[in-house]
Each structure stands twice: as C-alpha cells, then as structure tokens.
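What follows is data-v8.txt (compact mmCIF, C-alpha atoms).
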# COMPACT_ATOMS: atom_id res chain seq x y z
CA MET V 1 19.57 -44.70 11.67
CA ASN V 2 15.82 -44.96 11.74
CA LYS V 3 14.44 -42.32 14.09
CA ASP V 4 11.83 -44.80 15.30
CA THR V 5 14.68 -46.74 16.93
CA ILE V 6 15.64 -43.65 18.92
CA PHE V 7 12.03 -42.95 19.84
CA SER V 8 11.61 -46.54 21.03
CA TYR V 9 14.74 -46.18 23.18
CA ILE V 10 13.23 -43.12 24.85
CA ASP V 11 9.92 -44.90 25.46
CA GLU V 12 11.67 -47.96 26.84
CA HIS V 13 13.74 -45.82 29.22
CA ALA V 14 10.86 -43.56 30.29
CA ASP V 15 11.04 -44.67 33.92
CA GLU V 16 14.79 -43.99 34.03
CA ILE V 17 14.34 -40.59 32.41
CA ILE V 18 11.71 -39.51 34.90
CA GLY V 19 13.71 -41.04 37.76
CA PHE V 20 16.66 -38.92 36.64
CA LEU V 21 14.48 -35.80 36.67
CA LYS V 22 13.25 -36.62 40.16
CA LYS V 23 16.83 -36.85 41.44
CA TYR V 24 17.72 -33.63 39.62
CA ILE V 25 14.83 -31.80 41.30
CA GLY V 26 15.74 -33.37 44.63
CA ILE V 27 19.06 -31.52 44.75
CA PRO V 28 18.15 -27.92 45.66
CA SER V 29 20.01 -25.41 43.50
CA VAL V 30 18.46 -22.16 44.66
CA ASN V 31 19.43 -18.80 43.23
CA ASN V 32 18.00 -15.92 45.26
CA GLY V 33 18.05 -13.60 42.25
CA GLN V 34 20.92 -11.48 43.53
CA GLN V 35 24.47 -11.37 42.25
CA ASN V 36 26.54 -14.17 43.83
CA GLY V 37 23.37 -15.63 45.30
CA GLY V 38 23.35 -19.01 43.58
CA GLU V 39 23.86 -22.35 45.32
CA GLU V 40 24.33 -24.58 42.28
CA LYS V 41 27.54 -26.42 43.17
CA GLU V 42 26.02 -29.64 44.51
CA VAL V 43 23.71 -30.20 41.57
CA GLN V 44 26.38 -29.25 39.02
CA ASP V 45 28.90 -31.65 40.55
CA TRP V 46 26.23 -34.37 40.45
CA LEU V 47 25.49 -33.65 36.79
CA ALA V 48 29.15 -33.76 35.83
CA ASP V 49 29.64 -37.08 37.61
CA ILE V 50 26.56 -38.82 36.23
CA LEU V 51 27.01 -37.53 32.68
CA GLY V 52 30.61 -38.63 32.81
CA SER V 53 29.43 -42.08 33.87
CA PHE V 54 27.23 -42.10 30.76
CA GLY V 55 30.43 -41.88 28.72
CA PHE V 56 30.26 -38.27 27.60
CA PHE V 57 33.15 -35.84 27.50
CA ILE V 58 32.56 -33.35 30.34
CA ASP V 59 33.95 -29.85 30.72
CA LYS V 60 33.41 -28.22 34.11
CA TRP V 61 34.67 -24.78 35.07
CA THR V 62 33.85 -21.79 37.22
CA ALA V 63 33.73 -18.17 36.14
CA ASP V 64 32.46 -16.62 39.41
CA ALA V 65 34.84 -14.75 41.69
CA GLY V 66 34.53 -17.34 44.45
CA GLY V 67 35.11 -20.29 42.14
CA ILE V 68 32.20 -22.23 43.67
CA ARG V 69 29.51 -22.14 40.95
CA PRO V 70 30.56 -24.55 38.19
CA ASN V 71 29.17 -24.63 34.69
CA VAL V 72 28.96 -28.00 32.96
CA VAL V 73 29.13 -28.74 29.25
CA CYS V 74 28.41 -32.28 28.06
CA VAL V 75 29.83 -32.97 24.60
CA LEU V 76 28.61 -35.54 22.11
CA LYS V 77 31.43 -35.53 19.61
CA GLY V 78 30.86 -35.81 15.89
CA GLY V 79 33.14 -37.16 13.25
CA GLY V 80 33.41 -33.92 11.28
CA GLY V 81 31.75 -32.39 8.27
CA GLY V 82 28.41 -31.57 9.89
CA ASN V 83 26.79 -28.66 11.71
CA ASP V 84 27.61 -28.16 15.38
CA LEU V 85 24.73 -27.46 17.77
CA ILE V 86 24.32 -25.83 21.17
CA LEU V 87 21.62 -27.04 23.56
CA ASN V 88 21.45 -24.63 26.48
CA GLY V 89 19.80 -24.76 29.88
CA HIS V 90 20.35 -23.61 33.45
CA SER V 91 20.30 -25.59 36.68
CA ASP V 92 19.54 -22.78 39.13
CA VAL V 93 15.98 -22.42 40.39
CA VAL V 94 14.09 -19.70 42.27
CA PRO V 95 13.48 -19.91 46.04
CA ILE V 96 10.45 -21.36 47.78
CA ASN V 97 9.02 -18.28 49.43
CA GLU V 98 5.75 -19.74 50.74
CA PRO V 99 6.23 -23.47 51.35
CA GLY V 100 2.84 -23.72 53.05
CA LYS V 101 1.14 -23.14 49.70
CA TRP V 102 2.72 -26.20 48.13
CA LYS V 103 0.62 -29.35 48.01
CA THR V 104 3.77 -31.48 48.03
CA ASN V 105 7.35 -31.08 49.18
CA PRO V 106 8.95 -28.91 46.46
CA TRP V 107 12.21 -30.87 46.73
CA ILE V 108 10.64 -34.33 46.50
CA ALA V 109 9.20 -34.77 43.02
CA GLU V 110 5.89 -36.57 42.88
CA ILE V 111 3.68 -37.63 39.97
CA SER V 112 -0.07 -37.19 39.96
CA ASP V 113 -2.40 -37.27 36.94
CA GLY V 114 0.57 -37.33 34.60
CA ARG V 115 2.17 -34.25 36.14
CA LEU V 116 5.52 -34.28 37.90
CA SER V 117 5.69 -31.60 40.59
CA GLY V 118 8.69 -29.93 42.19
CA ARG V 119 10.76 -26.77 42.06
CA GLY V 120 12.50 -26.58 38.71
CA ALA V 121 10.22 -29.10 37.00
CA SER V 122 9.34 -26.70 34.17
CA ASP V 123 12.04 -24.10 34.78
CA MET V 124 14.01 -25.87 33.65
CA LYS V 125 15.26 -29.21 34.85
CA GLY V 126 12.60 -30.91 32.75
CA GLY V 127 13.99 -29.47 29.53
CA ASN V 128 17.57 -30.21 30.58
CA THR V 129 16.64 -33.80 31.37
CA ALA V 130 14.99 -34.22 27.96
CA ALA V 131 18.15 -32.99 26.23
CA ILE V 132 20.43 -35.19 28.35
CA TRP V 133 18.46 -38.29 27.46
CA ALA V 134 18.21 -37.31 23.81
CA LEU V 135 22.01 -37.38 23.70
CA LYS V 136 22.14 -40.63 25.68
CA ALA V 137 19.62 -42.25 23.33
CA LEU V 138 21.75 -41.29 20.32
CA LYS V 139 24.97 -42.46 21.95
CA ASP V 140 23.61 -45.75 23.26
CA SER V 141 21.96 -46.49 19.92
CA GLY V 142 25.24 -46.10 18.10
CA VAL V 143 24.33 -43.03 16.05
CA LYS V 144 27.45 -41.52 14.47
CA LEU V 145 27.03 -37.79 14.02
CA LYS V 146 29.10 -35.51 11.84
CA GLY V 147 28.67 -32.35 13.92
CA ASN V 148 29.32 -31.86 17.61
CA VAL V 149 26.56 -31.32 20.16
CA TYR V 150 27.36 -29.07 23.12
CA LEU V 151 24.85 -29.49 25.93
CA GLU V 152 25.33 -26.52 28.26
CA LEU V 153 24.06 -26.76 31.83
CA MET V 154 24.70 -23.32 33.24
CA VAL V 155 24.53 -21.32 36.48
CA GLY V 156 23.30 -17.82 37.24
CA GLU V 157 20.37 -17.48 34.84
CA GLU V 158 17.85 -16.47 37.50
CA SER V 159 20.07 -13.58 38.61
CA CYS V 160 20.93 -12.25 35.13
CA GLU V 161 24.47 -13.59 35.55
CA GLY V 162 24.25 -15.51 32.31
CA ARG V 163 25.90 -12.53 30.64
CA THR V 164 28.96 -12.94 32.89
CA ILE V 165 29.60 -16.18 34.79
CA GLY V 166 27.11 -18.48 33.02
CA THR V 167 26.06 -18.90 29.41
CA ALA V 168 28.22 -16.13 27.98
CA SER V 169 31.29 -17.72 29.54
CA ALA V 170 30.59 -20.93 27.59
CA VAL V 171 30.69 -19.04 24.30
CA ASP V 172 33.83 -17.24 25.42
CA ARG V 173 35.33 -20.64 26.28
CA GLY V 174 34.91 -21.70 22.67
CA TYR V 175 31.54 -23.44 22.54
CA LYS V 176 30.20 -21.99 19.33
CA ALA V 177 27.84 -23.31 16.68
CA PRO V 178 25.71 -22.01 13.79
CA PHE V 179 22.50 -22.66 15.76
CA ALA V 180 21.34 -23.04 19.35
CA ILE V 181 18.22 -24.22 21.14
CA VAL V 182 17.51 -23.03 24.66
CA MET V 183 15.27 -25.54 26.46
CA GLU V 184 13.23 -23.08 28.52
CA PRO V 185 9.53 -24.00 28.87
CA THR V 186 7.55 -23.04 25.74
CA ASN V 187 4.84 -25.74 25.58
CA LEU V 188 7.12 -27.24 22.88
CA GLU V 189 6.50 -24.21 20.68
CA ILE V 190 9.36 -22.52 18.83
CA HIS V 191 9.95 -19.06 20.20
CA THR V 192 11.93 -16.96 17.76
CA ALA V 193 11.84 -13.76 19.80
CA SER V 194 11.68 -12.63 23.40
CA VAL V 195 10.71 -9.51 25.26
CA GLY V 196 13.13 -7.16 26.95
CA LEU V 197 12.96 -6.44 30.66
CA PHE V 198 13.85 -3.67 33.03
CA PHE V 199 12.84 -2.70 36.55
CA PHE V 200 12.19 0.78 37.84
CA GLU V 201 11.39 2.17 41.26
CA LEU V 202 9.33 5.16 42.28
CA ILE V 203 9.82 6.58 45.77
CA VAL V 204 6.84 8.71 46.78
CA PRO V 205 7.55 10.98 49.77
CA GLY V 206 5.11 11.62 52.56
CA LYS V 207 5.37 13.18 55.98
CA ALA V 208 5.11 10.88 58.96
CA VAL V 209 3.06 12.02 61.93
CA HIS V 210 1.34 10.37 64.87
CA VAL V 211 -1.65 8.44 63.61
CA SER V 212 -3.93 10.34 65.99
CA SER V 213 -3.36 13.38 63.79
CA ARG V 214 -4.66 11.68 60.68
CA ASN V 215 -7.92 13.60 60.97
CA GLN V 216 -5.98 16.86 60.62
CA VAL V 217 -4.15 15.47 57.59
CA VAL V 218 -7.27 14.25 55.80
CA PHE V 219 -10.07 16.69 56.71
CA PRO V 220 -10.35 20.51 56.62
CA GLN V 221 -10.10 22.00 60.10
CA PRO V 222 -11.53 25.09 61.85
CA PHE V 223 -9.84 28.34 60.96
CA GLY V 224 -6.51 28.68 62.77
CA LEU V 225 -5.95 24.93 63.22
CA GLU V 226 -3.28 23.38 61.02
CA ALA V 227 -4.45 20.86 58.42
CA GLY V 228 -3.22 19.00 55.39
CA TYR V 229 0.44 18.68 54.51
CA THR V 230 1.53 21.22 57.13
CA VAL V 231 0.71 18.44 59.63
CA GLY V 232 1.48 15.24 57.72
CA VAL V 233 1.19 13.48 54.38
CA ASP V 234 -0.04 9.93 53.75
CA ALA V 235 2.50 8.61 51.22
CA LEU V 236 0.26 5.65 50.36
CA LYS V 237 -2.54 7.95 49.28
CA LYS V 238 -0.11 10.05 47.27
CA SER V 239 1.12 6.91 45.49
CA LEU V 240 -2.31 5.80 44.26
CA PRO V 241 -2.40 8.08 41.18
CA PHE V 242 0.93 6.61 40.08
CA ILE V 243 -0.33 3.04 40.51
CA ASP V 244 -3.30 3.97 38.35
CA LEU V 245 -0.94 5.59 35.84
CA PHE V 246 1.12 2.44 35.38
CA GLU V 247 -2.03 0.37 34.88
CA ARG V 248 -3.22 2.78 32.19
CA LEU V 249 0.16 2.80 30.46
CA GLU V 250 0.11 -0.99 30.33
CA ILE V 251 -3.20 -0.92 28.43
CA GLN V 252 -2.18 1.93 26.15
CA TRP V 253 1.14 0.38 25.20
CA ASN V 254 -0.50 -2.93 24.27
CA GLN V 255 -3.08 -1.13 22.16
CA ARG V 256 -0.36 0.95 20.52
CA TRP V 257 1.90 -1.98 19.62
CA ARG V 258 1.29 -5.10 17.53
CA ASP V 259 3.37 -8.08 16.38
CA PRO V 260 2.25 -11.40 14.87
CA VAL V 261 4.87 -13.47 16.74
CA LEU V 262 5.67 -11.83 20.05
CA GLY V 263 2.47 -11.46 22.05
CA GLY V 264 0.26 -11.66 18.98
CA GLY V 265 -0.96 -15.21 19.45
CA GLY V 266 1.55 -17.13 17.32
CA HIS V 267 1.09 -18.93 13.99
CA PRO V 268 -0.04 -21.00 12.13
CA VAL V 269 -2.34 -21.68 15.10
CA SER V 270 -2.67 -19.90 18.42
CA ASP V 271 0.05 -20.31 20.99
CA LYS V 272 -0.63 -21.22 24.61
CA GLN V 273 0.46 -17.93 26.15
CA GLY V 274 -2.28 -15.62 24.96
CA VAL V 275 -2.05 -12.14 23.48
CA GLY V 276 -0.62 -8.98 24.98
CA ILE V 277 3.02 -8.55 25.86
CA PHE V 278 3.77 -5.00 27.03
CA THR V 279 3.26 -5.63 30.73
CA VAL V 280 3.91 -3.44 33.75
CA ASN V 281 3.96 -5.54 36.89
CA PRO V 282 3.95 -4.18 40.49
CA ALA V 283 6.74 -6.43 41.74
CA LEU V 284 7.15 -4.82 45.15
CA ILE V 285 5.19 -2.18 47.05
CA GLU V 286 6.42 -1.24 50.49
CA GLY V 287 6.09 1.70 52.84
CA GLY V 288 5.57 2.94 56.35
CA THR V 289 8.01 2.76 59.23
CA TYR V 290 5.88 2.43 62.38
CA LEU V 291 2.45 1.13 63.28
CA GLY V 292 1.48 4.36 65.02
CA SER V 293 2.42 6.73 62.21
CA LEU V 294 1.18 7.77 58.81
CA PRO V 295 3.35 6.18 56.12
CA GLY V 296 6.14 8.66 55.53
CA SER V 297 7.17 7.19 52.18
CA MET V 298 6.23 4.52 49.66
CA ARG V 299 8.52 2.54 47.39
CA LEU V 300 6.99 1.07 44.25
CA VAL V 301 9.11 -1.37 42.23
CA TYR V 302 7.80 -2.41 38.80
CA SER V 303 9.04 -4.77 36.14
CA VAL V 304 8.34 -3.80 32.55
CA TRP V 305 8.34 -6.37 29.76
CA TYR V 306 8.62 -4.61 26.45
CA PRO V 307 8.76 -5.76 22.81
CA THR V 308 11.99 -6.42 20.98
CA GLY V 309 12.81 -3.49 18.74
CA THR V 310 11.45 -0.88 21.12
CA ALA V 311 14.20 1.27 22.60
CA PRO V 312 13.93 1.13 26.40
CA GLN V 313 15.09 4.75 26.60
CA SER V 314 11.89 5.86 24.87
CA ILE V 315 9.84 3.96 27.46
CA TRP V 316 11.83 5.49 30.30
CA GLU V 317 11.22 8.97 28.91
CA GLU V 318 7.48 8.40 28.64
CA ILE V 319 7.29 7.09 32.21
CA ARG V 320 9.25 10.08 33.45
CA GLU V 321 7.05 12.57 31.59
CA CYS V 322 3.87 10.98 32.97
CA VAL V 323 5.18 10.87 36.54
CA ASP V 324 6.22 14.52 36.34
CA ALA V 325 2.81 15.46 34.95
CA ILE V 326 0.96 13.85 37.84
CA ALA V 327 3.31 15.37 40.42
CA SER V 328 2.69 18.81 38.92
CA THR V 329 -1.00 18.58 39.82
CA ASP V 330 -0.43 17.96 43.55
CA ASP V 331 0.43 20.74 46.01
CA TRP V 332 2.67 18.48 48.13
CA LEU V 333 4.43 16.71 45.25
CA LYS V 334 5.14 19.98 43.44
CA THR V 335 7.68 20.84 46.10
CA ASN V 336 8.46 17.28 47.21
CA PRO V 337 8.62 15.40 43.91
CA PRO V 338 8.81 11.62 43.80
CA VAL V 339 12.15 10.04 42.95
CA LEU V 340 12.15 7.86 39.84
CA ASN V 341 15.07 5.48 39.33
CA MET V 342 15.41 3.31 36.22
CA PRO V 343 16.66 0.88 35.33
CA VAL V 344 17.31 -0.79 38.68
CA LEU V 345 17.98 -4.37 39.83
CA GLN V 346 18.06 -6.04 36.40
CA GLU V 347 17.92 -5.15 32.75
CA TRP V 348 17.71 -7.67 29.90
CA LYS V 349 17.52 -7.12 26.18
CA GLY V 350 15.24 -9.22 24.05
CA PHE V 351 16.18 -10.95 20.81
CA ARG V 352 14.64 -11.84 17.47
CA VAL V 353 15.71 -14.59 15.05
CA ALA V 354 14.48 -14.62 11.46
CA GLU V 355 12.21 -17.55 10.64
CA SER V 356 14.34 -18.09 7.56
CA GLU V 357 17.24 -19.20 9.76
CA PRO V 358 18.16 -22.70 8.46
CA GLY V 359 17.69 -24.47 11.80
CA ILE V 360 14.07 -23.39 12.20
CA PRO V 361 12.49 -25.38 9.32
CA LEU V 362 14.30 -28.51 10.54
CA LEU V 363 13.09 -27.92 14.08
CA ARG V 364 9.54 -27.48 12.80
CA ASP V 365 9.87 -30.81 10.97
CA SER V 366 11.12 -32.52 14.12
CA ILE V 367 8.21 -31.21 16.17
CA LYS V 368 5.68 -32.26 13.55
CA GLY V 369 7.28 -35.70 13.33
CA VAL V 370 6.86 -36.25 17.07
CA LEU V 371 3.67 -34.35 17.92
CA LYS V 372 1.89 -35.03 14.61
CA HIS V 373 0.82 -31.42 14.17
CA ASP V 374 2.41 -28.27 12.84
CA ALA V 375 4.85 -26.50 15.11
CA VAL V 376 3.68 -23.21 16.60
CA ILE V 377 5.92 -20.19 16.03
CA SER V 378 5.58 -17.65 18.80
CA GLY V 379 7.60 -15.43 21.12
CA PHE V 380 8.89 -15.92 24.66
CA LYS V 381 7.01 -13.72 27.12
CA ALA V 382 9.96 -13.66 29.48
CA VAL V 383 13.74 -13.33 29.33
CA CYS V 384 16.43 -15.98 29.40
CA ASP V 385 20.00 -16.81 28.41
CA ALA V 386 19.06 -16.99 24.72
CA THR V 387 19.70 -13.24 24.74
CA PHE V 388 23.37 -13.70 25.56
CA ILE V 389 23.86 -16.38 22.90
CA ASN V 390 22.24 -14.18 20.25
CA GLU V 391 24.35 -11.24 21.38
CA ARG V 392 27.38 -13.32 20.39
CA ASN V 393 26.05 -13.82 16.87
CA ILE V 394 24.80 -17.37 17.38
CA PRO V 395 21.14 -17.68 16.31
CA ALA V 396 19.32 -19.11 19.32
CA VAL V 397 15.63 -19.99 19.62
CA ILE V 398 13.72 -21.30 22.61
CA CYS V 399 11.89 -24.62 22.60
CA GLY V 400 11.23 -26.77 25.64
CA PRO V 401 8.71 -28.80 27.59
CA GLY V 402 6.55 -27.28 30.30
CA SER V 403 5.12 -23.80 30.53
CA LEU V 404 5.76 -20.56 32.36
CA SER V 405 2.17 -20.85 33.59
CA TYR V 406 2.79 -24.23 35.29
CA GLY V 407 3.66 -22.72 38.67
CA VAL V 408 7.01 -21.36 37.46
CA HIS V 409 8.38 -18.79 39.95
CA GLY V 410 5.34 -19.57 42.07
CA ASP V 411 3.72 -22.42 43.96
CA ASN V 412 3.20 -26.06 42.94
CA GLU V 413 5.41 -25.97 39.85
CA TYR V 414 4.96 -28.98 37.60
CA ILE V 415 5.62 -30.43 34.17
CA PRO V 416 3.62 -33.00 32.20
CA VAL V 417 5.63 -36.22 32.06
CA LYS V 418 4.51 -36.72 28.47
CA GLU V 419 6.12 -33.45 27.39
CA VAL V 420 9.51 -34.43 28.83
CA LEU V 421 9.54 -37.59 26.71
CA GLU V 422 8.24 -35.74 23.66
CA ALA V 423 10.95 -33.12 24.05
CA ALA V 424 13.64 -35.79 24.22
CA LYS V 425 12.38 -37.22 20.92
CA ILE V 426 12.21 -33.79 19.29
CA TYR V 427 15.77 -32.93 20.32
CA ALA V 428 17.10 -36.30 19.17
CA SER V 429 15.31 -35.98 15.82
CA PHE V 430 16.63 -32.47 15.27
CA ILE V 431 20.19 -33.45 16.17
CA ILE V 432 20.15 -36.19 13.54
CA ASP V 433 18.88 -33.81 10.87
CA TRP V 434 21.03 -30.83 11.82
CA CYS V 435 24.34 -32.40 12.75
CA GLY V 436 24.18 -35.05 10.01
Using structure tokens, write down the structure that the file contains.
Amino acid sequence: MNKDTIFSYIDEHADEIIGFLKKYIGIPSVNNGQQNGGEEKEVQDWLADILGSFGFFIDKWTADAGGIRPNVVCVLKGGGGGNDLILNGHSDVVPINEPGKWKTNPWIAEISDGRLSGRGASDMKGGNTAAIWALKALKDSGVKLKGNVYLELMVGEESCEGRTIGTASAVDRGYKAPFAIVMEPTNLEIHTASVGLFFFELIVPGKAVHVSSRNQVVFPQPFGLEAGYTVGVDALKKSLPFIDLFERLEIQWNQRWRDPVLGGGGHPVSDKQGVGIFTVNPALIEGGTYLGSLPGSMRLVYSVWYPTGTAPQSIWEEIRECVDAIASTDDWLKTNPPVLNMPVLQEWKGFRVAESEPGIPLLRDSIKGVLKHDAVISGFKAVCDATFINERNIPAVICGPGSLSYGVHGDNEYIPVKEVLEAAKIYASFIIDWCG
C-alpha cells in the first residue's frame, strides 16, 4: 500500500476528523485529580459505540471499585507474523477552575486562525483523535497488517490512577507489545524520557493573636511590655525564608544537573520546551484562619519535577536538611519547628528509553516523511501513563500533537488543526512500517 493513499484519505476526511474531535471535546470527562474523582463514563461509552460502528473490535471494562469508569481498547487486528503495537491515551481532562478567563466555551470547540480550542484539545483528545483516524484510514483503505494495533483510551491519568485502574490494567488484561507510543502533546517530537514528580508540604507554625496587637509582635516595646513571639507570631513572615529557599534550590539543582535529552534542549535541533527541568513549583500556599487575626499557620505545597535517574530520597534529604538549617536560625522556629511532609498527594517515577530501541528509528522516519524535517528527540517535562507501561517492560515513548504550553491545565487550551492531521499521518505511516 502506497502511504500517499493513506495520507490522501486523511486529507479528504479532514472535516470529519476535526468534527469527531469537536464532539469528543463536547462530552465533559472531568477528573478532579483525586482518587475516584473521574467522570469519564459518558465519553468512554460514546467512544466504544462510535468505534464499534467503525467496524473495530472493542474491549470495554472497568477496574475501579465502583465499576463506573470504563477503559476502552480499540483493536485493529493483524494477520500474524508482525510486530504488535500499543497506542495509548487518556480521555479524562482537568477541571475548568476559572471559566471567566476562557475566550470561548471550553466544552464547545471552536476554530480560529487554525487553532481548535476547548478543554482536552491538546491534553489529549487531539492525540487520541489522530490515532483513531489513523486506524480508520488504514482499515477503510484495505491495508492488511501482520501485527495487531491496540489503541488504548484510558481513564484516571490526571489523578495518577493509571498505575491501578487505567493504563496498567490494560497491560494486566493482556494488551502487550514490543513497543508503545503515548500520544500526549509533544509538538510531534519524540520524547524518550520523562521527569519524575512528587509533592511535599511544609507547615510553618505561627501564633494567632488579635490583629490590633501586631505592633507588639513586629516592633520592640518599652521595657516591661511584652513583645515578639510572647505575644504572637506572623506565620506568613516566618514562611518567607522557606519560599526563598525553594527558589534557590530550583536554580542550584538546574545548574548542578545536565542532560542532552531531558531538559537540555533536544537534538538534532532544539525542542520547543526550552532548557531547564529541575523545577520546584509553589502549587498551593494557604494560611490564616480569621480576618482579625495574625496568620497562625501557613501551609506551603510544592511540586518537584526531577530528572530520571535521580533518587527522590536524596532530594527529600536535601530539602529536609535545608529546612532544618533555616529553622535553627530563628528563635521561634527553634522550639516550634515547621512540619515537613513528603511525598504527599502524588508521586510519579520518570522513565527513559534507549534511542537504540528498534521502534524509534522507524518513528523518526515516519515523522520526517510527513513533516519533511528531521524528528526532534527530547524529553517530556511532565509525567504521564508512559511510566506505567515502561514499568511493565514495554518500551514506551511519547509523541503527539499539541503542546503542554497550549493552555494545558490552564485557560484557553487549544491545538493546531494541522498538527492533528499530521499526527494521524505519522501514526498511520509508523503502523505500516512497524506492524508490517
């Protein structure tokens, strides 16, 4: 089969492909980031029905305790004798926290200047749509593959449940292959590694007192009048040295650590994510209990993205040593030390796949054949379900349309329409080469 025939099919069905993506976005599938917090059932049922109507074999099952969050695997069966392939994506999306900041309705996809907007456009219904239509193009064009293609449309990724009720359960169900592509947004670069992630929290104690006594807390007082922490302690002020500490650690860690792929700018030309990867992000800062009181405590929650190959325990130890050192210099904190908890909320491990893995040169060829330039090899500056596939000894890389910088997990998320169609062609081309 001439690949140009497949590419022409995708071009001729461009309106249908984008119309499919619009409908996909239009079915909210919000995951609030907490365990058992996903509402994917409606969109997953819709996917199973429509993919079944396309003539694919569909496997739908639930692995969650409530039995209400179905995973869907769409199978394009081969005749035997070729390599099997996993294409993996998730249907859950993050919530809309500030709808007033959106220029359009996040659940009604619109196109402007070649960009399709809506929640999940880049993360990652755009990539899923590209893979779905790559398979449909091959099937409708009569391509007879040797290997099987397993297109996994999973739940629970945004809440780190891929290791239990989502992607990992597909592997445990028997969907295995010698190579996998996860269609998360990478600007159509090949990401052969990802960072690891953990959260920590620091609770800085203060001493609440009526706000009218703030002068006694802050300023020296006449002899015999109580002042300072015998009266009260502003927990916000006590937390500032720790905020400064985490900013300094972020810079030091990036200067201490180097890698040509992950956070180093990619090769053979620069990637579109920029350099620097060891990031310490203030995810949540909260404190105070009453408008008329000094803040009696502060809670600082940080996410740390760290490079694959770095033991998180060594990072935890360095954070703990630095926090203890700062506390030792403060009269109040010496006897009322801050509480440091880590990891909390979520912890993900990164992954790394050798560039010599047989699927990678073929994927590079497919990208060059469609985009007419060399594929960029880089690393994923986030975490995703590729971790859980790699943990089960299936080499998995990340390659998808869109970008993490296109409003993902924020406002006005979008994806270039052109990239969705290009991704469909890349996936179809790779399937032909890989599966035989």
ask   = Counting all atoms listed in the file, which of V:Tyr290, V:Trp46, V:Phe380, V:Phe7 gets nearest to Ala134 in chain V?
value = V:Phe7
Residue neighbourhood range 49-61 of chain V, 6 Å, all atoms listed in the file, exclusion window fewer than 4 positions, as an MDAnalysis selection string = chainID V and resid 70:75
Using only C-alpha atoms, what does the table of range 134-249 of chain V residues within 6 Å of range 344-361 of chain V look like, with each row giving the shortest atom pair and its distance in Å to one decimal, sorted by chain and ascending number, as JSON lines?
{"residue": "V:Thr192", "atom": "CA", "partner": "V:Val353", "partner_atom": "CA", "distance": 5.2}
{"residue": "V:Ala193", "atom": "CA", "partner": "V:Arg352", "partner_atom": "CA", "distance": 4.1}
{"residue": "V:Ser194", "atom": "CA", "partner": "V:Gly350", "partner_atom": "CA", "distance": 5.0}
{"residue": "V:Val195", "atom": "CA", "partner": "V:Gly350", "partner_atom": "CA", "distance": 4.7}
{"residue": "V:Gly196", "atom": "CA", "partner": "V:Gly350", "partner_atom": "CA", "distance": 4.1}
{"residue": "V:Leu197", "atom": "CA", "partner": "V:Trp348", "partner_atom": "CA", "distance": 5.0}
{"residue": "V:Phe198", "atom": "CA", "partner": "V:Glu347", "partner_atom": "CA", "distance": 4.3}
{"residue": "V:Phe199", "atom": "CA", "partner": "V:Val344", "partner_atom": "CA", "distance": 5.3}
{"residue": "V:Phe200", "atom": "CA", "partner": "V:Val344", "partner_atom": "CA", "distance": 5.4}
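For range 419-428 of chain V, the non-local neighbours within 7 Å, defined as residues at least 6 positions apart in the same chain or in other chains and counting all atoms listed in the file, are Phe7, Ile10, Gly126, Gly127, Ala130, Ala131, Trp133, Ala134, Leu135, Leu138, Ser366, Ile367, Val370, Gly400, Pro401 and Gly402 of chain V.
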Spatial sel., origin (11.6, -35.2, 8.7), limit 10 Å, only C-alpha atoms, listed as a PDB file with C-alpha atoms, in the frame of the given file:
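Writing done, so here's point33.pdb:
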ATOM      1  CA  LYS V   3      14.440 -42.320  14.090  1.00  0.00           C
ATOM      2  CA  PRO V 361      12.490 -25.380   9.320  1.00  0.00           C
ATOM      3  CA  LEU V 362      14.300 -28.510  10.540  1.00  0.00           C
ATOM      4  CA  LEU V 363      13.090 -27.920  14.080  1.00  0.00           C
ATOM      5  CA  ARG V 364       9.540 -27.480  12.800  1.00  0.00           C
ATOM      6  CA  ASP V 365       9.870 -30.810  10.970  1.00  0.00           C
ATOM      7  CA  SER V 366      11.120 -32.520  14.120  1.00  0.00           C
ATOM      8  CA  ILE V 367       8.210 -31.210  16.170  1.00  0.00           C
ATOM      9  CA  LYS V 368       5.680 -32.260  13.550  1.00  0.00           C
ATOM     10  CA  GLY V 369       7.280 -35.700  13.330  1.00  0.00           C
ATOM     11  CA  VAL V 370       6.860 -36.250  17.070  1.00  0.00           C
ATOM     12  CA  SER V 429      15.310 -35.980  15.820  1.00  0.00           C
ATOM     13  CA  PHE V 430      16.630 -32.470  15.270  1.00  0.00           C
ATOM     14  CA  ILE V 432      20.150 -36.190  13.540  1.00  0.00           C
ATOM     15  CA  ASP V 433      18.880 -33.810  10.870  1.00  0.00           C
TER      16      ASP V 433
END
Applying 7 Å and all atoms listed in the file, which residues near range 65-69 of chain V remain after dropping the ones on its own chain fewer than 3 positions away? List them as a CSV table (one decimal) with C-alpha atoms, keeping the file's coordinate frame.
chain,number,residue,atom,x,y,z
V,40,GLU,CA,24.3,-24.6,42.3
V,41,LYS,CA,27.5,-26.4,43.2
V,62,THR,CA,33.8,-21.8,37.2
V,155,VAL,CA,24.5,-21.3,36.5
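Considering the residues V:Leu294, V:Val280, V:Tyr150, V:Lys238 and counting only C-alpha atoms, Val211 in chain V has its shortest atom-to-atom contact with V:Leu294.
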note = If you count only C-alpha atoms, the residue of V:Ile6, V:Ala208, V:Cys435, V:Ala170 closest to Leu291 in chain V turns out to be V:Ala208
key: Non-local contacts of Gly78 in chain V (7 Å; only C-alpha atoms; under 3 positions in same chain excluded) as a ChimeraX atom specification   = /V:144-148
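For Lys207 in chain V, the residues within 6 Å (counting all atoms listed in the file, excluding itself and residues fewer than 3 positions away along the chain) are V:Gly232, V:Val233, V:Gly296.
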